[in-house]
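K.L.:
If it helps, the file is called coords-v7.txt and holds compact mmCIF, C-alpha atoms:
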```
# COMPACT_ATOMS: atom_id res chain seq x y z
CA MET A 1 6.46 33.41 -17.80
CA PRO A 2 6.75 29.66 -17.41
CA LEU A 3 4.25 27.73 -15.32
CA ARG A 4 5.76 27.53 -11.85
CA ILE A 5 5.31 24.15 -10.17
CA LEU A 6 6.32 23.00 -6.71
CA LEU A 7 6.56 19.27 -6.03
CA ILE A 8 6.67 18.14 -2.40
CA ASP A 9 7.65 14.49 -2.27
CA ASP A 10 10.29 12.73 -0.21
CA ASP A 11 10.80 9.85 -2.64
CA ASP A 12 13.66 10.14 -5.17
CA ASP A 13 12.14 7.72 -7.65
CA ASP A 14 8.78 9.40 -7.57
CA GLN A 15 10.42 12.80 -8.09
CA PHE A 16 12.20 11.34 -11.11
CA ILE A 17 9.04 9.75 -12.52
CA PHE A 18 7.10 12.99 -12.00
CA MET A 19 9.78 15.05 -13.76
CA THR A 20 9.95 12.59 -16.66
CA ALA A 21 6.21 12.90 -17.20
CA LEU A 22 6.20 16.66 -16.70
CA GLU A 23 9.00 17.32 -19.21
CA ASP A 24 6.92 15.49 -21.76
CA VAL A 25 3.59 17.26 -21.23
CA ALA A 26 4.71 20.71 -20.09
CA PRO A 27 8.19 21.58 -21.33
CA PHE A 28 7.31 25.23 -20.72
CA SER A 29 7.00 24.67 -16.97
CA ARG A 30 9.57 25.21 -14.28
CA CYS A 31 9.43 22.72 -11.42
CA ARG A 32 11.08 23.02 -8.05
CA ILE A 33 11.27 20.01 -5.78
CA THR A 34 11.41 19.73 -2.05
CA GLY A 35 11.71 16.54 -0.06
CA ASN A 36 9.61 17.51 2.93
CA ALA A 37 6.76 19.75 3.89
CA VAL A 38 8.71 21.81 6.40
CA GLU A 39 11.20 22.86 3.71
CA ALA A 40 8.30 23.57 1.42
CA PHE A 41 7.31 26.56 3.52
CA GLU A 42 10.78 28.02 3.00
CA GLU A 43 10.34 27.51 -0.74
CA LEU A 44 6.96 29.24 -0.57
CA ASN A 45 8.50 32.23 1.16
CA ASN A 46 10.95 32.53 -1.75
CA GLU A 47 8.41 32.19 -4.49
CA VAL A 48 4.70 31.37 -4.71
CA PRO A 49 4.12 28.69 -7.36
CA ASP A 50 1.16 28.52 -9.77
CA ILE A 51 0.39 24.97 -8.74
CA MET A 52 1.60 22.48 -6.14
CA PHE A 53 1.83 18.70 -6.13
CA LEU A 54 1.83 17.20 -2.68
CA ASP A 55 2.67 13.71 -1.42
CA LEU A 56 0.78 12.56 1.68
CA ASN A 57 3.04 10.12 3.45
CA MET A 58 6.17 12.06 4.39
CA PRO A 59 8.42 12.33 7.45
CA LEU A 60 8.27 15.32 9.83
CA MET A 61 4.96 16.63 8.50
CA ASN A 62 2.52 14.68 6.38
CA GLY A 63 0.60 16.09 3.45
CA PHE A 64 -2.64 16.60 5.37
CA GLU A 65 -0.89 18.57 8.12
CA PHE A 66 0.84 20.66 5.49
CA LEU A 67 -2.39 21.32 3.63
CA LEU A 68 -4.16 22.40 6.81
CA ILE A 69 -1.48 24.98 7.63
CA LEU A 70 -1.20 26.12 4.02
CA LYS A 71 -4.92 26.77 3.64
CA SER A 72 -5.07 28.78 6.87
CA ASP A 73 -2.38 31.16 5.59
CA PRO A 74 -3.93 33.88 3.41
CA ARG A 75 -0.65 34.30 1.48
CA PHE A 76 -0.80 30.72 0.23
CA SER A 77 -4.41 29.58 0.57
CA GLY A 78 -5.14 30.43 -3.07
CA ILE A 79 -2.48 28.11 -4.55
CA PRO A 80 -4.11 25.11 -6.20
CA VAL A 81 -2.87 21.88 -4.59
CA VAL A 82 -2.97 18.48 -6.24
CA ILE A 83 -2.36 15.42 -4.07
CA TYR A 84 0.16 13.01 -5.58
CA SER A 85 0.15 9.91 -3.41
CA THR A 86 0.22 6.12 -3.43
CA SER A 87 -3.02 6.09 -1.49
CA ASP A 88 -6.16 4.99 -3.28
CA SER A 89 -8.39 5.04 -0.22
CA PRO A 90 -11.66 6.99 -0.48
CA GLU A 91 -11.13 8.27 3.09
CA ASP A 92 -7.87 9.94 2.08
CA GLN A 93 -9.47 11.34 -1.06
CA ASN A 94 -12.39 12.81 0.87
CA ARG A 95 -10.10 14.25 3.52
CA ALA A 96 -7.91 15.88 0.88
CA LYS A 97 -10.97 17.41 -0.75
CA GLU A 98 -12.24 18.72 2.60
CA LEU A 99 -8.85 20.31 3.21
CA GLY A 100 -9.07 22.09 -0.13
CA ALA A 101 -7.05 19.97 -2.59
CA ILE A 102 -8.32 20.41 -6.14
CA GLN A 103 -7.46 16.92 -7.32
CA PHE A 104 -6.08 13.58 -6.20
CA ILE A 105 -3.63 11.63 -8.35
CA THR A 106 -2.89 8.09 -7.20
CA LYS A 107 0.59 6.96 -8.16
CA THR A 108 0.39 3.98 -10.50
CA ALA A 109 2.88 1.99 -12.53
CA ASP A 110 1.54 3.57 -15.71
CA ILE A 111 3.36 6.78 -16.57
CA GLN A 112 0.91 7.43 -19.42
CA LEU A 113 -1.87 7.86 -16.85
CA LEU A 114 0.26 10.34 -14.93
CA LYS A 115 0.95 12.26 -18.14
CA GLN A 116 -2.75 12.43 -18.92
CA ASP A 117 -3.60 13.66 -15.43
CA LEU A 118 -0.82 16.27 -15.58
CA GLN A 119 -1.95 17.39 -19.03
CA ASN A 120 -5.53 17.89 -17.85
CA ILE A 121 -4.51 19.74 -14.72
CA ILE A 122 -2.07 22.00 -16.56
CA ASN A 123 -4.55 22.71 -19.34
CA ALA A 124 -7.14 23.73 -16.76
CA SER A 125 -4.74 26.06 -14.98
CA PRO A 126 -5.53 29.76 -15.52
CA VAL A 127 -1.79 30.44 -15.89
CA THR A 128 -1.58 28.04 -18.84
CA GLU A 129 -4.58 29.69 -20.40
CA ALA A 130 -2.97 33.10 -20.05
CA ALA A 131 0.29 31.78 -21.51
CA LEU A 132 -1.51 30.26 -24.48
CA MET A 133 -3.47 33.46 -25.11
CA ARG A 134 -0.27 35.41 -25.50
CA LEU B 1 -30.70 -19.57 81.87
CA GLN B 2 -30.34 -16.74 84.31
CA PRO B 3 -32.86 -14.09 83.28
CA LYS B 4 -30.96 -11.05 84.56
CA LEU B 5 -27.82 -11.83 82.63
CA ALA B 6 -27.35 -10.64 79.14
CA THR B 7 -27.29 -13.44 76.69
CA VAL B 8 -24.87 -13.39 73.84
CA GLY B 9 -25.32 -15.82 71.01
CA ILE B 10 -22.43 -16.43 68.73
CA ILE B 11 -22.92 -18.11 65.38
CA VAL B 12 -19.76 -19.29 63.79
CA THR B 13 -19.87 -20.18 60.11
CA ASP B 14 -16.93 -21.52 58.27
CA GLN B 15 -16.43 -19.08 55.37
CA THR B 16 -13.22 -20.64 54.23
CA ARG B 17 -14.77 -22.52 51.32
CA THR B 18 -16.77 -19.52 50.13
CA LYS B 19 -13.72 -17.32 50.35
CA LEU B 20 -11.71 -19.88 48.43
CA HIS B 21 -14.39 -20.01 45.75
CA GLU B 22 -14.44 -16.25 45.53
CA ARG B 23 -10.71 -16.13 45.22
CA THR B 24 -10.71 -18.77 42.47
CA ILE B 25 -13.43 -16.96 40.55
CA LEU B 26 -11.61 -13.66 40.86
CA GLN B 27 -8.45 -15.36 39.68
CA TYR B 28 -10.22 -16.80 36.64
CA GLN B 29 -11.81 -13.46 35.92
CA LYS B 30 -8.41 -11.78 36.01
CA GLU B 31 -6.91 -14.37 33.70
CA LEU B 32 -9.82 -14.05 31.32
CA GLU B 33 -9.48 -10.29 31.22
CA GLN B 34 -5.78 -10.64 30.56
CA LYS B 35 -6.44 -13.14 27.75
CA ASN B 36 -9.00 -10.79 26.24
CA ILE B 37 -6.51 -7.96 26.23
CA GLU B 38 -3.89 -10.17 24.60
CA LEU B 39 -6.41 -11.38 22.02
CA ALA B 40 -7.45 -7.84 21.15
CA GLN B 41 -3.80 -6.84 20.82
CA ASN B 42 -3.00 -9.80 18.60
CA ASN B 43 -5.99 -9.07 16.43
CA SER B 44 -5.17 -5.44 15.95
CA GLU B 45 -1.48 -6.20 15.40
CA LEU B 46 -2.38 -8.78 12.81
CA SER B 47 -4.73 -6.55 10.90
CA SER B 48 -2.37 -3.59 10.98
CA PHE B 49 0.46 -5.89 9.92
CA THR B 50 -1.53 -7.11 6.93
CA TYR B 51 -2.52 -3.59 6.02
CA ILE B 52 0.88 -1.97 6.41
CA ALA B 53 2.74 -4.90 4.87
CA SER B 54 0.56 -4.95 1.81
CA HIS B 55 0.47 -1.17 1.52
CA ASP B 56 4.22 -0.68 1.89
CA LEU B 57 5.05 -3.71 -0.23
CA GLN B 58 3.25 -2.12 -3.14
CA GLU B 59 5.62 0.83 -3.20
CA PRO B 60 8.84 -0.74 -4.53
CA LEU B 61 6.75 -2.98 -6.74
CA ARG B 62 5.06 -0.04 -8.43
CA LYS B 63 8.49 1.41 -9.21
CA ILE B 64 9.75 -1.84 -10.71
CA GLN B 65 6.67 -1.81 -12.92
CA THR B 66 7.04 1.85 -13.81
CA PHE B 67 10.64 1.50 -14.91
CA CYS B 68 10.01 -1.74 -16.78
CA ASN B 69 7.16 0.01 -18.57
CA LEU B 70 9.46 2.91 -19.40
CA ILE B 71 12.04 0.51 -20.85
CA ASN B 72 9.41 -1.42 -22.79
CA THR B 73 7.76 1.65 -24.26
CA GLY B 74 11.08 3.43 -24.72
CA PRO B 75 13.45 3.09 -27.66
CA GLY B 76 12.74 -0.63 -27.87
CA GLU B 77 14.36 -1.32 -31.23
CA GLU B 78 17.73 -0.83 -29.58
CA LEU B 79 17.12 -3.68 -27.13
CA PRO B 80 18.09 -7.23 -28.06
CA THR B 81 15.06 -9.52 -28.32
CA LEU B 82 16.19 -11.59 -25.36
CA THR B 83 16.57 -8.54 -23.13
CA ARG B 84 13.13 -7.38 -24.13
CA ASP B 85 11.78 -10.81 -23.25
CA TYR B 86 13.40 -10.65 -19.81
CA PHE B 87 11.83 -7.29 -19.14
CA GLU B 88 8.45 -8.59 -20.16
CA ARG B 89 8.85 -11.49 -17.76
CA ILE B 90 9.83 -9.14 -14.93
CA LEU B 91 6.79 -7.04 -15.72
CA LYS B 92 4.49 -10.04 -15.76
CA ALA B 93 5.82 -11.35 -12.45
CA SER B 94 5.49 -7.97 -10.79
CA THR B 95 1.96 -7.58 -12.11
CA ARG B 96 1.18 -10.93 -10.55
CA MET B 97 2.68 -9.83 -7.25
CA GLN B 98 0.68 -6.64 -7.45
CA SER B 99 -2.57 -8.57 -7.73
CA LEU B 100 -1.61 -10.86 -4.84
CA ILE B 101 -0.88 -7.90 -2.62
CA SER B 102 -4.05 -6.08 -3.53
CA SER B 103 -5.98 -9.29 -2.80
CA LEU B 104 -4.35 -9.42 0.61
CA LEU B 105 -5.37 -5.83 1.14
CA ASP B 106 -8.98 -6.57 0.15
CA TYR B 107 -8.98 -9.46 2.59
CA SER B 108 -7.55 -7.41 5.45
CA ARG B 109 -10.15 -4.70 4.87
CA MET B 110 -12.90 -7.26 5.41
CA ASN B 111 -12.46 -7.29 9.18
CA SER B 112 -15.24 -7.40 11.70
CA ARG B 113 -14.43 -4.11 13.37
CA GLY B 114 -16.90 -1.29 12.94
CA MET B 115 -19.54 -3.52 11.39
CA GLU B 116 -22.98 -1.94 11.43
CA PHE B 117 -25.77 -4.49 11.34
CA GLU B 118 -29.18 -3.58 10.01
CA MET B 119 -32.32 -5.59 9.29
CA THR B 120 -31.94 -6.28 5.59
CA ASP B 121 -34.04 -7.90 2.92
CA LEU B 122 -31.59 -10.29 1.28
CA ASN B 123 -33.68 -10.23 -1.92
CA ASN B 124 -32.60 -6.62 -2.39
CA VAL B 125 -29.02 -7.51 -1.59
CA LEU B 126 -29.09 -10.24 -4.23
CA ASP B 127 -30.58 -7.76 -6.73
CA ASP B 128 -27.67 -5.41 -6.02
CA ALA B 129 -25.13 -8.20 -6.39
CA THR B 130 -26.52 -9.36 -9.75
CA ASN B 131 -26.75 -5.77 -10.98
CA ASN B 132 -23.09 -5.20 -10.19
CA ILE B 133 -22.07 -8.11 -12.39
CA ARG B 134 -24.77 -7.74 -15.03
CA GLU B 135 -22.24 -7.67 -17.88
CA LEU B 136 -20.53 -10.84 -16.71
CA LEU B 137 -23.91 -12.57 -16.37
CA GLU B 138 -24.88 -11.54 -19.91
CA GLU B 139 -21.55 -12.45 -21.49
CA SER B 140 -21.54 -15.89 -19.90
CA HIS B 141 -25.29 -16.45 -20.59
CA ALA B 142 -25.65 -17.39 -16.95
CA ALA B 143 -29.11 -18.01 -15.54
CA ILE B 144 -30.04 -17.55 -11.90
CA GLU B 145 -33.00 -19.35 -10.37
CA ARG B 146 -33.82 -17.91 -7.01
CA GLU B 147 -36.19 -18.55 -4.16
CA THR B 148 -37.42 -15.84 -1.83
CA LEU B 149 -34.66 -14.94 0.61
CA PRO B 150 -35.23 -13.91 4.22
CA VAL B 151 -34.82 -10.62 6.06
CA ILE B 152 -31.97 -10.84 8.57
CA PRO B 153 -29.73 -8.54 10.59
CA CYS B 154 -26.51 -8.17 8.61
CA VAL B 155 -24.05 -5.77 7.03
CA PRO B 156 -25.62 -5.40 3.55
CA MET B 157 -22.36 -4.44 1.78
CA GLN B 158 -20.64 -7.56 3.05
CA ILE B 159 -23.48 -9.92 2.16
CA SER B 160 -23.65 -8.34 -1.28
CA GLN B 161 -19.93 -9.05 -1.65
CA LEU B 162 -20.53 -12.63 -0.48
CA PHE B 163 -23.28 -13.22 -3.06
CA THR B 164 -21.24 -11.55 -5.81
CA ASN B 165 -18.15 -13.65 -5.09
CA LEU B 166 -20.17 -16.89 -5.06
CA ILE B 167 -21.86 -16.12 -8.39
CA ILE B 168 -18.57 -15.05 -10.01
CA ASN B 169 -17.00 -18.27 -8.71
CA SER B 170 -19.74 -20.39 -10.30
CA ILE B 171 -19.37 -18.59 -13.62
CA LYS B 172 -15.60 -18.85 -13.59
CA TYR B 173 -15.66 -22.60 -13.02
CA LYS B 174 -18.49 -23.33 -15.45
CA SER B 175 -18.59 -26.55 -17.47
CA ALA B 176 -17.36 -26.21 -21.02
CA GLY B 177 -20.14 -25.71 -23.55
CA VAL B 178 -22.91 -25.40 -20.98
CA ALA B 179 -24.48 -22.12 -19.89
CA PRO B 180 -23.99 -21.63 -16.15
CA LEU B 181 -27.09 -22.19 -14.04
CA ILE B 182 -27.02 -20.99 -10.45
CA ARG B 183 -29.80 -22.02 -8.10
CA ILE B 184 -30.24 -20.05 -4.89
CA SER B 185 -32.46 -21.49 -2.20
CA ALA B 186 -33.34 -20.47 1.35
CA SER B 187 -34.88 -22.40 4.23
CA LEU B 188 -34.67 -22.58 8.00
CA ALA B 189 -31.92 -24.88 9.23
CA LYS B 190 -32.97 -28.18 10.80
CA PRO B 191 -31.58 -29.54 14.06
CA GLY B 192 -28.46 -31.61 13.52
CA GLU B 193 -27.68 -30.46 10.02
CA ILE B 194 -24.91 -27.93 10.58
CA LYS B 195 -21.54 -29.66 10.39
CA SER B 196 -19.03 -28.78 13.12
CA PHE B 197 -21.74 -26.92 14.98
CA ASP B 198 -20.32 -25.44 18.18
CA SER B 199 -22.45 -22.42 18.82
CA VAL B 200 -24.41 -21.55 21.92
CA ARG B 201 -27.46 -21.07 19.74
CA ASN B 202 -29.91 -23.67 18.53
CA GLU B 203 -29.44 -24.78 14.97
CA THR B 204 -33.02 -23.74 14.23
CA ASP B 205 -31.90 -20.17 14.82
CA TYR B 206 -30.19 -20.08 11.42
CA TRP B 207 -31.24 -19.52 7.85
CA LYS B 208 -29.71 -21.90 5.36
CA ILE B 209 -28.93 -20.30 2.01
CA VAL B 210 -27.55 -22.50 -0.74
CA PHE B 211 -25.88 -21.49 -4.01
CA SER B 212 -25.67 -24.51 -6.35
CA ASP B 213 -24.21 -24.55 -9.82
CA ASN B 214 -23.76 -26.88 -12.78
CA GLY B 215 -20.05 -26.12 -13.12
CA ILE B 216 -16.97 -28.30 -13.08
CA GLY B 217 -17.26 -29.05 -9.36
CA PHE B 218 -14.25 -30.23 -7.34
CA GLU B 219 -12.80 -33.23 -5.53
CA PRO B 220 -14.59 -33.48 -2.14
CA GLN B 221 -11.30 -33.65 -0.23
CA TYR B 222 -10.63 -30.01 -1.17
CA ALA B 223 -13.90 -28.74 0.31
CA ASP B 224 -12.13 -26.89 3.13
CA LYS B 225 -9.03 -25.90 1.20
CA ILE B 226 -10.91 -23.75 -1.30
CA PHE B 227 -11.80 -21.28 1.47
CA GLU B 228 -8.18 -20.75 2.51
CA LEU B 229 -6.32 -17.59 1.57
CA PHE B 230 -4.43 -17.91 -1.75
CA GLN B 231 -5.36 -21.58 -2.09
CA ARG B 232 -6.30 -22.62 -5.59
CA LEU B 233 -7.18 -25.95 -7.14
CA HIS B 234 -6.11 -25.02 -10.66
CA SER B 235 -3.00 -23.57 -12.21
CA ARG B 236 -2.95 -19.91 -13.18
CA PHE B 237 -2.75 -20.94 -16.79
CA GLU B 238 -6.11 -22.72 -16.58
CA TYR B 239 -7.89 -20.10 -14.48
CA GLU B 240 -6.71 -16.64 -13.57
CA GLY B 241 -7.03 -15.31 -10.07
CA THR B 242 -5.30 -15.07 -6.73
CA GLY B 243 -7.40 -17.38 -4.58
CA ILE B 244 -9.05 -14.66 -2.54
CA GLY B 245 -12.77 -14.78 -3.53
CA LEU B 246 -13.88 -17.66 -1.36
CA ALA B 247 -11.54 -16.69 1.49
CA ILE B 248 -13.38 -13.38 1.62
CA CYS B 249 -16.71 -15.28 1.57
CA LYS B 250 -15.65 -17.25 4.61
CA LYS B 251 -14.47 -14.13 6.42
CA ILE B 252 -17.80 -12.40 5.76
CA VAL B 253 -19.82 -15.35 7.02
CA GLN B 254 -17.62 -15.57 10.13
CA ASN B 255 -18.06 -11.83 10.69
CA HIS B 256 -21.80 -12.61 10.84
CA ARG B 257 -21.26 -15.56 13.21
CA GLY B 258 -22.43 -17.97 10.56
CA PHE B 259 -21.07 -21.05 8.85
CA ILE B 260 -20.14 -21.79 5.26
CA TYR B 261 -19.04 -24.93 3.52
CA ALA B 262 -18.84 -26.32 0.05
CA GLU B 263 -19.92 -29.61 -1.43
CA GLY B 264 -18.93 -30.80 -4.85
CA LYS B 265 -18.05 -33.60 -7.17
CA PRO B 266 -15.93 -33.30 -10.27
CA GLY B 267 -18.14 -32.65 -13.27
CA LEU B 268 -21.31 -32.47 -11.19
CA GLY B 269 -21.20 -28.89 -9.98
CA ALA B 270 -20.65 -27.33 -6.61
CA SER B 271 -22.91 -26.16 -3.80
CA PHE B 272 -22.05 -23.48 -1.30
CA VAL B 273 -24.05 -23.79 1.90
CA ILE B 274 -24.30 -20.75 4.14
CA TYR B 275 -25.91 -20.56 7.57
CA LEU B 276 -26.67 -17.11 8.89
CA PRO B 277 -28.24 -16.36 12.29
CA LEU B 278 -31.87 -15.18 12.39
CA THR B 279 -30.99 -12.67 15.10
CA ARG B 280 -27.79 -11.04 16.25
```
Would you mind writing the file's structure down as structure tokens?
P.N.:
Amino acid sequence: MPLRILLIDDDDDDQFIFMTALEDVAPFSRCRITGNAVEAFEELNNEVPDIMFLDLNMPLMNGFEFLLILKSDPRFSGIPVVIYSTSDSPEDQNRAKELGAIQFITKTADIQLLKQDLQNIINASPVTEAALMR
Amino acid sequence: LQPKLATVGIIVTDQTRTKLHERTILQYQKELEQKNIELAQNNSELSSFTYIASHDLQEPLRKIQTFCNLINTGPGEELPTLTRDYFERILKASTRMQSLISSLLDYSRMNSRGMEFEMTDLNNVLDDATNNIRELLEESHAAIERETLPVIPCVPMQISQLFTNLIINSIKYKSAGVAPLIRISASLAKPGEIKSFDSVRNETDYWKIVFSDNGIGFEPQYADKIFELFQRLHSRFEYEGTGIGLAICKKIVQNHRGFIYAEGKPGLGASFVIYLPLTR
């Protein structure tokens, strides 16, 4: 079974950059994309992903609000969430941690950095481990 | 006087002037309150403008950089040399813009809101500052001669930033072939010595802390200009940087209700004179 990823990000370019990096480091993954957090809940009802990447600054519902609701729902609270945001502020990073995000990736102009971060996160995922064992 | 009749005394005082005074004072008070509200609004608008502008400006810029990087690290052999050169120039210019914006962001973060003052031994703050730039000090063979600094109420993080920026500035503009020497002295200010002094305090209520170096110095007419945001006395090709270091120094000193100015002569080094209040 491929690694199931859900990306929640309203920015077309960032979706494209993310997919470019992901195809390189995890060709075995399957990534669905949604442009806002409200739609993301519909996606979650269809299928629970192995890992989620979440932008913070989005219309309708921001990443923090989404995370708060997600973590209070027992069906979804176990999904590992990685923040993928332009923010580099320590306040945002602490808040994300408090709300249960497992990691915080700051968007930079260097796609190599993104690839490294993705590689590390995917390698550490129990699903990847299981897939590699097989 | 007829003893059996009730006597009524009436004292009439003209209150008109007092009333007028009261009214004028109330009027002034109202105007002052209004001005204060406007000032607070302007301040908060300005700082949120700087923050949002610099934060949101970084977004499209990051993408320009990302895609230029992708082109440059992509199948490059297919690109004509000239095209490759153009992309490198775009990348360089956007990197420059990136550093200007992040400087602006640093500057806007250094506002006076939420400052927590504590009685602080500036000797410890200077230790911190020099520790943070230990590598730079070693690489440049810089020496620091320091006197004992006072204990004052301040925001330690900001003063540490102030000291760090001043030392980095001295090292950056060192004289060729001479190891940088930075002398730091502290004394109580004397009456009449603070230029453009307009405070309600006495001048003797300030500590004077001076950072002097043996660097390249500067033309005295630029003494004020060097503290302005993005102002630089040298081209980027001579010295890198965005022109933010000393602007932040000035902001920090102002946040502490102090004064800072620079004195220098070309080839004879520069001195940065800081006055910080003894009490809040």
K.L.:
For Ile101 in chain B, work out the shell of residues within 9 Å, counting all atoms listed in the file and skipping chain neighbours fewer than 5 positions away, then give it as number ranges by chain.
P.N.:
B: 53-55, 57-58, 96, 106
K.L.:
Just to confirm, what's the straight-line distance from CA of Ile51 in chain A to CA of Glu65 in chain A in Å (one decimal)?
P.N.:
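Interatomic distance, CA of Ile51 in chain A to CA of Glu65 in chain A: 18.1 Å.
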K.L.:
For chain B against chain A, which residues fall within 6 Å using all atoms listed in the file, given as a list in words?
P.N.:
Arg62, Gln65 and Thr66 of chain B
K.L.:
Using all atoms listed in the file, which residues sit within 6 Å of range 159-170 of chain B once same-chain residues fewer than 4 positions away are excluded, as a VMD selection string?
P.N.:
chain B and resid 125 129 245 249
K.L.:
Give me, please, the distance in Å between CA of Ala247 in chain B and CA of Glu228 in chain B, quoted to one decimal.
P.N.:
5.4 Å
K.L.:
Go through B:Met97, B:Val8, B:Tyr206, B:Gln41 one by one, measure the shortest atom-to-atom distance of each to Gly192 in chain B using only C-alpha atoms, and give the residue with the smallest value.
P.N.:
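Of B:Met97, B:Val8, B:Tyr206, B:Gln41, the one nearest Gly192 in chain B, counting only C-alpha atoms, is B:Tyr206.
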K.L.:
Can you pull out every residue within 10 Å of range 152-158 of chain B, counting all atoms listed in the file, but drop anything in the same chain fewer than 2 positions away, and send it as an MDAnalysis selection string?
P.N.:
chainID B and resid 110 115:122 124:126 128:129 149:150 160:164 206:207 248:249 251:253 255:256 276:280
K.L.:
Give me, as a compact mmCIF listing (two decimals) with C-alpha atoms, in the coordinates of the input, all polymer residues having an atom no more than 10 Å from Val178 in chain B, counting all atoms listed in the file and skipping those fewer than 5 positions away in the same chain.
P.N.:
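Result written to around37.txt:
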```txt
# COMPACT_ATOMS: atom_id res chain seq x y z
CA SER B 140 -21.54 -15.89 -19.90
CA HIS B 141 -25.29 -16.45 -20.59
CA ALA B 142 -25.65 -17.39 -16.95
CA ASN B 214 -23.76 -26.88 -12.78
CA GLY B 215 -20.05 -26.12 -13.12
```
K.L.:
What is the distance between CA of Ile216 in chain B and CA of Gly264 in chain B, in Å to one decimal?
P.N.:
8.8 Å
K.L.:
Using all atoms listed in the file, determine which residues lie at most 12 Å from Glu47 in chain A, disregarding the query and same-chain residues fewer than 5 positions distant; provide the list as a ChimeraX atom specification.
P.N.:
/A:4-6,31-32,40-42,52,75-76,79
K.L.:
Here is a test: counting all atoms listed in the file, which residue of B:Thr18, B:Asn69, B:Ile90, B:Asn43 is nearest to Ser112 in chain B?
P.N.:
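Among the listed residues, B:Asn43 lies closest to Ser112 in chain B.
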K.L.:
Of the candidates B:Ile274, B:Arg134, B:Ser175, B:Asn36, which shows the shortest atom-to-atom distance to Glu193 in chain B, using all atoms listed in the file?
P.N.:
B:Ile274
K.L.:
My list of candidates is A:Ile33, A:Val82, A:Leu44, A:Ile121. Which is closest to Phe104 in chain A when distances are computed with all atoms listed in the file?
P.N.:
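Looking only at the distances to Phe104 in chain A, the closest residue turns out to be A:Val82.
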K.L.:
Smallest atom-to-atom distance to Ile194 in chain B: which of B:Ile260, B:Phe272, B:Glu31, B:Leu26, using all atoms listed in the file?
P.N.:
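Checking each candidate against Ile194 in chain B, we get B:Ile260 as the closest.
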K.L.:
Taking every listed atom of range 67-83 of chain A and adding 8 Å to each side, what centre and edge lengths in Å (one decimal) does the axis-aligned box have, as AutoDock Vina command-line options?
P.N.:
```
--center_x -2.9 --center_y 24.9 --center_z 0.7 --size_x 20.5 --size_y 34.9 --size_z 29.9
```
K.L.:
Using only C-alpha atoms, can you tell me which of A:Thr20, A:Asn123, A:Asn57, A:Gln15 comes closest to Thr34 in chain A?
P.N.:
A:Gln15
